[in-house]
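> What follows is target21.txt, compact mmCIF, C-alpha atoms (C1' of nucleotides).
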```txt
# COMPACT_ATOMS: atom_id res chain seq x y z
CA MET A 384 0.00 0.00 0.00
CA VAL A 385 1.29 3.42 -0.83
CA ILE A 386 -1.59 5.50 0.41
CA MET A 387 -0.05 8.76 1.54
CA TYR A 388 -1.81 12.04 1.12
CA SER A 389 0.28 14.27 3.37
CA SER A 390 3.02 16.45 1.99
CA PRO A 391 6.50 14.88 1.86
CA VAL A 392 8.87 16.46 4.36
CA SER A 393 12.12 15.83 2.50
CA LEU A 394 13.51 15.11 -0.93
CA VAL A 395 14.30 11.58 0.20
CA GLU A 396 10.73 11.02 1.27
CA LEU A 397 9.50 12.38 -2.04
CA GLN A 398 11.81 10.00 -3.89
CA LEU A 399 10.68 7.06 -1.80
CA ARG A 400 7.06 7.83 -2.46
CA SER A 401 7.50 8.28 -6.18
CA ASN A 402 9.59 5.11 -6.41
CA ALA A 403 6.78 3.21 -4.73
CA LEU A 404 4.53 4.13 -7.65
CA ALA A 405 6.75 2.61 -10.32
CA GLY A 406 5.01 -0.29 -12.00
CA LEU A 407 1.55 0.64 -10.81
CA THR A 408 -1.18 1.43 -13.30
CA LEU A 409 -3.13 4.66 -13.23
CA GLY A 410 -6.19 2.55 -12.48
CA GLN A 411 -4.56 1.09 -9.37
CA ILE A 412 -3.54 4.51 -8.13
CA ALA A 413 -6.97 5.95 -8.83
CA ALA A 414 -8.54 3.06 -6.92
CA GLN A 415 -6.37 3.80 -3.90
CA LEU A 416 -7.59 7.38 -3.96
CA GLN A 417 -11.13 6.21 -4.71
CA LEU A 418 -11.20 8.31 -7.82
CA PRO A 419 -13.05 7.41 -11.02
CA VAL A 420 -10.95 6.98 -14.16
CA PRO A 421 -12.28 8.94 -17.14
CA ALA A 422 -12.86 6.99 -20.35
CA ASN A 423 -10.23 9.08 -22.07
CA LEU A 424 -8.36 12.36 -21.63
CA GLN A 425 -10.23 14.28 -24.30
CA LYS A 426 -12.09 16.31 -21.73
CA ASP A 427 -9.79 15.61 -18.80
CA LYS A 428 -6.40 16.55 -20.16
CA GLY A 429 -4.98 17.33 -16.75
CA TRP A 430 -6.25 14.21 -15.04
CA VAL A 431 -2.99 12.26 -14.95
CA GLY A 432 -1.08 15.19 -13.54
CA GLN A 433 -3.67 15.81 -10.87
CA LEU A 434 -3.76 12.13 -9.93
CA LEU A 435 -0.01 12.12 -9.37
CA GLU A 436 -0.21 15.38 -7.44
CA GLN A 437 -2.69 13.79 -5.05
CA VAL A 438 -0.91 10.53 -4.47
CA LEU A 439 2.41 12.26 -3.94
CA GLY A 440 0.96 14.88 -1.63
CA ALA A 441 1.61 17.92 -3.79
CA SER A 442 -0.24 21.07 -2.82
CA ALA A 443 -3.17 21.14 -5.21
CA GLY A 444 -4.59 24.16 -6.86
CA SER A 445 -3.84 26.76 -9.42
CA LYS A 446 -1.30 28.70 -7.43
CA ALA A 447 1.75 30.09 -9.16
CA GLU A 448 4.23 28.28 -6.97
CA PRO A 449 6.04 24.91 -6.95
CA ASP A 450 3.99 21.76 -6.38
CA PHE A 451 6.08 21.08 -3.29
CA PRO A 452 6.70 24.59 -1.92
CA HIS A 453 8.71 23.39 1.07
CA LEU A 454 11.06 21.43 -1.19
CA GLY A 455 11.03 23.82 -4.13
CA VAL A 456 10.21 20.94 -6.44
CA GLU A 457 7.98 20.97 -9.50
CA LEU A 458 6.08 17.81 -10.46
CA LYS A 459 5.81 16.90 -14.15
CA THR A 460 4.29 13.81 -15.67
CA LEU A 461 5.95 12.79 -18.90
CA PRO A 462 3.97 10.68 -21.37
CA ILE A 463 6.27 8.23 -23.16
CA ASP A 464 5.93 5.41 -25.68
CA ARG A 465 7.17 1.84 -25.20
CA HIS A 466 10.68 2.89 -26.21
CA GLY A 467 10.82 5.59 -23.59
CA LYS A 468 10.37 8.40 -26.06
CA PRO A 469 8.27 11.42 -24.99
CA LEU A 470 4.95 11.67 -26.78
CA GLU A 471 4.40 15.34 -26.06
CA SER A 472 6.21 18.54 -25.28
CA THR A 473 6.11 19.62 -21.64
CA TYR A 474 4.33 22.76 -20.54
CA VAL A 475 6.39 24.95 -18.22
CA CYS A 476 4.54 28.19 -17.54
CA VAL A 477 2.74 31.08 -19.18
CA ALA A 478 4.82 33.69 -20.92
CA PRO A 479 4.62 37.34 -19.89
CA LEU A 480 3.88 39.42 -22.99
CA THR A 481 3.94 42.92 -21.51
CA GLY A 482 6.26 44.73 -19.15
CA VAL A 483 9.03 42.36 -20.09
CA ALA A 484 11.80 44.88 -20.65
CA GLY A 485 14.83 44.22 -18.49
CA GLN A 486 13.66 40.85 -17.26
CA GLN A 487 16.53 38.67 -16.11
CA TRP A 488 16.73 34.94 -16.78
CA HIS A 489 17.38 34.05 -13.16
CA GLU A 490 14.26 35.93 -12.09
CA SER A 491 12.07 34.31 -14.73
CA TRP A 492 9.38 31.77 -14.01
CA VAL A 493 10.91 29.41 -16.51
CA CYS A 494 14.23 29.38 -14.67
CA ARG A 495 12.65 29.09 -11.26
CA LYS A 496 10.26 26.31 -12.24
CA LEU A 497 12.98 24.25 -13.87
CA GLN A 498 15.45 24.52 -10.99
CA HIS A 499 14.19 21.26 -9.55
CA VAL A 500 11.75 18.92 -11.25
CA LEU A 501 10.40 15.50 -10.30
CA TRP A 502 9.81 13.78 -13.64
CA VAL A 503 7.29 10.95 -13.59
CA PRO A 504 7.33 8.99 -16.86
CA ILE A 505 4.02 7.37 -17.81
CA LEU A 506 3.67 4.72 -20.50
CA ALA A 507 0.91 6.53 -22.31
CA GLU A 508 0.51 5.30 -25.88
CA ARG A 509 -2.97 6.20 -27.01
CA GLN A 510 -3.90 2.63 -27.72
CA ILE A 511 -3.46 1.79 -24.03
CA PRO A 512 -6.64 2.41 -22.02
CA LEU A 513 -6.11 5.15 -19.47
CA ALA A 514 -6.56 2.87 -16.45
CA GLU A 515 -3.94 0.43 -17.79
CA ARG A 516 -1.18 2.96 -18.37
CA VAL A 517 1.84 2.25 -16.18
CA VAL A 518 3.87 4.66 -14.09
CA GLY A 519 7.60 4.45 -14.66
CA SER A 520 10.61 5.28 -12.49
CA ALA A 521 10.38 8.87 -11.35
CA PHE A 522 13.54 10.90 -10.96
CA LEU A 523 14.58 14.28 -9.66
CA TRP A 524 16.35 16.55 -12.11
CA GLN A 525 18.24 19.81 -11.85
CA PRO A 526 19.60 21.41 -15.00
CA ASN A 527 23.37 21.12 -15.33
CA SER A 528 25.33 24.18 -16.38
CA GLU A 529 25.17 23.29 -20.06
CA GLN A 530 21.42 22.79 -19.98
CA GLN A 531 21.06 25.96 -17.95
CA ARG A 532 22.96 27.97 -20.56
CA ALA A 533 20.99 26.53 -23.46
CA LEU A 534 17.68 27.22 -21.76
CA GLN A 535 18.76 30.74 -20.95
CA MET A 536 19.72 31.38 -24.57
CA ASP A 537 16.34 30.24 -25.85
CA TRP A 538 14.54 32.22 -23.20
CA GLU A 539 16.48 35.40 -23.90
CA GLU A 540 15.90 35.17 -27.65
CA LEU A 541 12.19 34.62 -27.19
CA MET A 542 11.80 37.34 -24.58
CA GLU A 543 13.73 39.82 -26.68
CA LYS A 544 11.45 39.16 -29.61
CA ILE A 545 8.40 39.59 -27.40
CA SER A 546 9.66 42.87 -25.97
CA LEU A 547 10.42 44.19 -29.47
CA GLY A 548 6.91 43.50 -30.71
CA GLY A 549 7.74 40.31 -32.58
CA ILE A 550 5.26 38.03 -30.85
CA ALA A 551 3.29 37.47 -34.06
CA ASP A 552 6.38 36.06 -35.77
CA ILE A 553 7.30 33.55 -33.09
CA ARG A 554 6.47 29.99 -34.08
CA GLY A 555 6.88 26.79 -32.17
CA ALA A 556 9.95 25.89 -34.16
CA GLN A 557 11.99 28.72 -32.68
CA GLY A 558 14.21 27.76 -29.78
CA LYS A 559 16.33 24.67 -29.33
CA LEU A 560 15.05 23.34 -26.02
CA LEU A 561 12.37 25.83 -25.15
CA GLN A 562 9.53 26.86 -27.41
CA LEU A 563 6.69 29.38 -27.24
CA ARG A 564 3.22 28.20 -28.25
CA PRO A 565 -0.39 29.19 -27.65
CA LYS A 566 -1.76 28.35 -24.23
CA ALA A 567 -5.40 29.28 -24.08
CA ALA A 568 -8.91 28.03 -23.53
CA ASN A 569 -9.64 28.69 -27.20
CA SER A 570 -8.83 31.02 -30.05
CA LYS A 571 -11.10 33.72 -28.63
CA ALA A 572 -9.18 34.08 -25.37
CA LEU A 573 -6.93 37.08 -25.87
CA THR A 574 -4.43 38.98 -23.79
CA ASN A 575 -2.38 42.16 -24.16
CA ALA A 576 0.93 42.22 -25.97
CA ILE A 577 3.26 44.51 -27.90
CA GLY A 578 2.68 45.06 -31.63
CA ALA A 579 5.21 45.32 -34.41
CA HIS A 580 5.30 49.11 -34.06
CA GLY A 581 5.33 49.19 -30.28
CA GLU A 582 1.57 49.62 -30.04
CA PRO A 583 -0.58 47.53 -27.69
CA ILE A 584 -2.28 44.59 -29.37
CA ARG A 585 -4.49 41.68 -28.39
CA THR A 586 -3.13 38.22 -28.98
CA LEU A 587 -3.42 34.60 -27.93
CA PRO A 588 -1.81 33.90 -24.55
CA ARG A 589 1.40 31.92 -24.94
CA GLY A 590 3.17 29.37 -22.83
CA PHE A 591 6.74 28.10 -22.61
CA TYR A 592 7.13 24.41 -23.44
CA LEU A 593 10.08 22.06 -23.32
CA LYS A 594 10.50 20.36 -26.66
CA ALA A 595 10.11 16.59 -26.67
CA GLY A 596 13.66 16.20 -27.91
CA PHE A 597 14.97 17.86 -24.78
CA THR A 598 12.95 15.76 -22.35
CA ALA A 599 14.09 12.74 -24.35
CA SER A 600 17.68 13.71 -23.57
CA LEU A 601 16.81 13.95 -19.88
CA LEU A 602 15.50 10.39 -19.96
CA GLN A 603 18.64 9.32 -21.79
CA GLN A 604 20.78 11.06 -19.20
CA GLN A 605 18.90 9.34 -16.40
CA PHE A 606 18.45 5.85 -17.75
CA GLY A 607 21.17 5.60 -20.34
C1' DG B 691 -8.46 36.53 -17.77
C1' DA B 692 -4.55 34.23 -15.66
C1' DG B 693 -2.98 30.53 -13.66
C1' DT B 694 -2.88 25.26 -12.71
C1' DG B 695 -2.87 20.42 -15.00
C1' DA B 696 -1.90 18.95 -19.91
C1' DT B 697 -3.38 16.37 -24.62
C1' DC B 698 -5.85 16.78 -29.00
C1' DA B 699 -5.87 16.94 -33.87
C1' DT B 700 -4.66 18.99 -38.10
C1' DT B 701 -0.84 20.18 -40.89
C1' DA B 702 3.55 19.89 -42.88
C1' DT C 389 4.67 10.54 -38.12
C1' DA C 390 6.40 14.45 -35.81
C1' DA C 391 5.49 18.93 -34.56
C1' DT C 392 2.72 23.06 -34.35
C1' DG C 393 -1.12 25.38 -33.27
C1' DA C 394 -5.63 24.63 -30.90
C1' DT C 395 -8.16 23.18 -27.20
C1' DC C 396 -10.32 21.03 -22.51
C1' DA C 397 -11.42 21.43 -17.40
C1' DC C 398 -10.89 23.55 -13.30
C1' DT C 399 -9.89 27.49 -9.60
C1' DC C 400 -9.65 32.09 -8.19
```
Translate the structure described by the file into structure tokens.

Amino acid sequence: MVIMYSSPVSLVELQLRSNALAGLTLGQIAAQLQLPVPANLQKDKGWVGQLLEQVLGASAGSKAEPDFPHLGVELKTLPIDRHGKPLESTYVCVAPLTGVAGQQWHESWVCRKLQHVLWVPILAERQIPLAERVVGSAFLWQPNSEQQRALQMDWEELMEKISLGGIADIRGAQGKLLQLRPKAANSKALTNAIGAHGEPIRTLPRGFYLKAGFTASLLQQQFG
DNA sequence: GAGTGATCATTA
DNA sequence: TAATGATCACTC
């Protein structure tokens, strides 16, 4: 039994708890928490993440702070295929589109959120029913100096473009590890940004995402 | 609307 | 088939 709802007190405890989940199916974990498993994720896209938050004792909610505030750790589920390859990019945080002049990398949400991440791989090929998907070996990650530099470069390029009114020209392909993509309820949800001529405009909210190739390299680094 | 959790689904 | 752009549900 791995029923533990309280918040982990230490990194070691968090590791122990997450290790105890390896090999369990999402259905088994949901049963422990007495939660129903949706038929699919079409209308419950955040369900897996929220399930893991609960079983690991992360502070729930929509607060703009780490999942484990006391430990400064962010929890991320990582959907992978049978070969251990990520199936999706990983959302990091929303991107500020105004008042961004003079922002420093080390003060940014991206940097802060990625300082310490608990990655929880999930075997999540679409053909596998949600309840039968298996949790893999979770691991704690902190960016090494090389990763840190590369992330900072991407971030600075993207933020410079935003601050200079180039938001409309930024596509998902820009950036090596980090990309900027829409992050909105729908195409009608708009927010303020800076236009090509410095004028205020309305545009789709954007979020920072880690490209799947980068999270693949993290898995490689961890598991060889 | 902005933030949390992400995956969906069409396009290239 | 991978990746980009679009979207879903929920809280505050």
> For chain A, list the residues within 9 Å of chain B, counting all atoms listed in the file, and write the list as a PyMOL selection string.
chain A and resi 424-425+427-433+443-447+471+473-474+476-477+572-574
> Figure out the distance between atom CA of Leu506 of chain A and atom CA of Pro462 of chain A, please, to one decimal in Å.
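Here the two named atoms are 6.0 Å from each other.
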> Hey, can you check how far atom CA of Ser390 of chain A sits from atom CA of Phe451 of chain A?
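Value for the atom CA of Ser390 of chain A-atom CA of Phe451 of chain A distance: 7.7 Å.
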> Using atom CA of Gln437 of chain A and atom CA of Val518 of chain A as the two end points, give the distance in Å to one decimal.
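According to the coordinates, atom CA of Gln437 of chain A and atom CA of Val518 of chain A are separated by 14.4 Å.
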> Given all atoms listed in the file, how would the per-residue table for chain C near chain A read, listing every residue at most 8 Å away with its closest atom pair and distance in Å to one decimal, sorted by chain and number, as CSV?

```
residue,atom,partner,partner_atom,distance
C:DT392,C1',A:Gly555,CA,6.0
C:DG393,C1',A:Pro565,CA,6.8
C:DA394,C1',A:Asn569,CA,6.8
C:DT395,C1',A:Asn569,CA,5.7
C:DC396,C1',A:Lys426,CA,5.1
C:DA397,C1',A:Asp427,CA,6.2
C:DT399,C1',A:Ser445,CA,6.1
C:DC400,C1',A:Ser445,CA,8.0
```
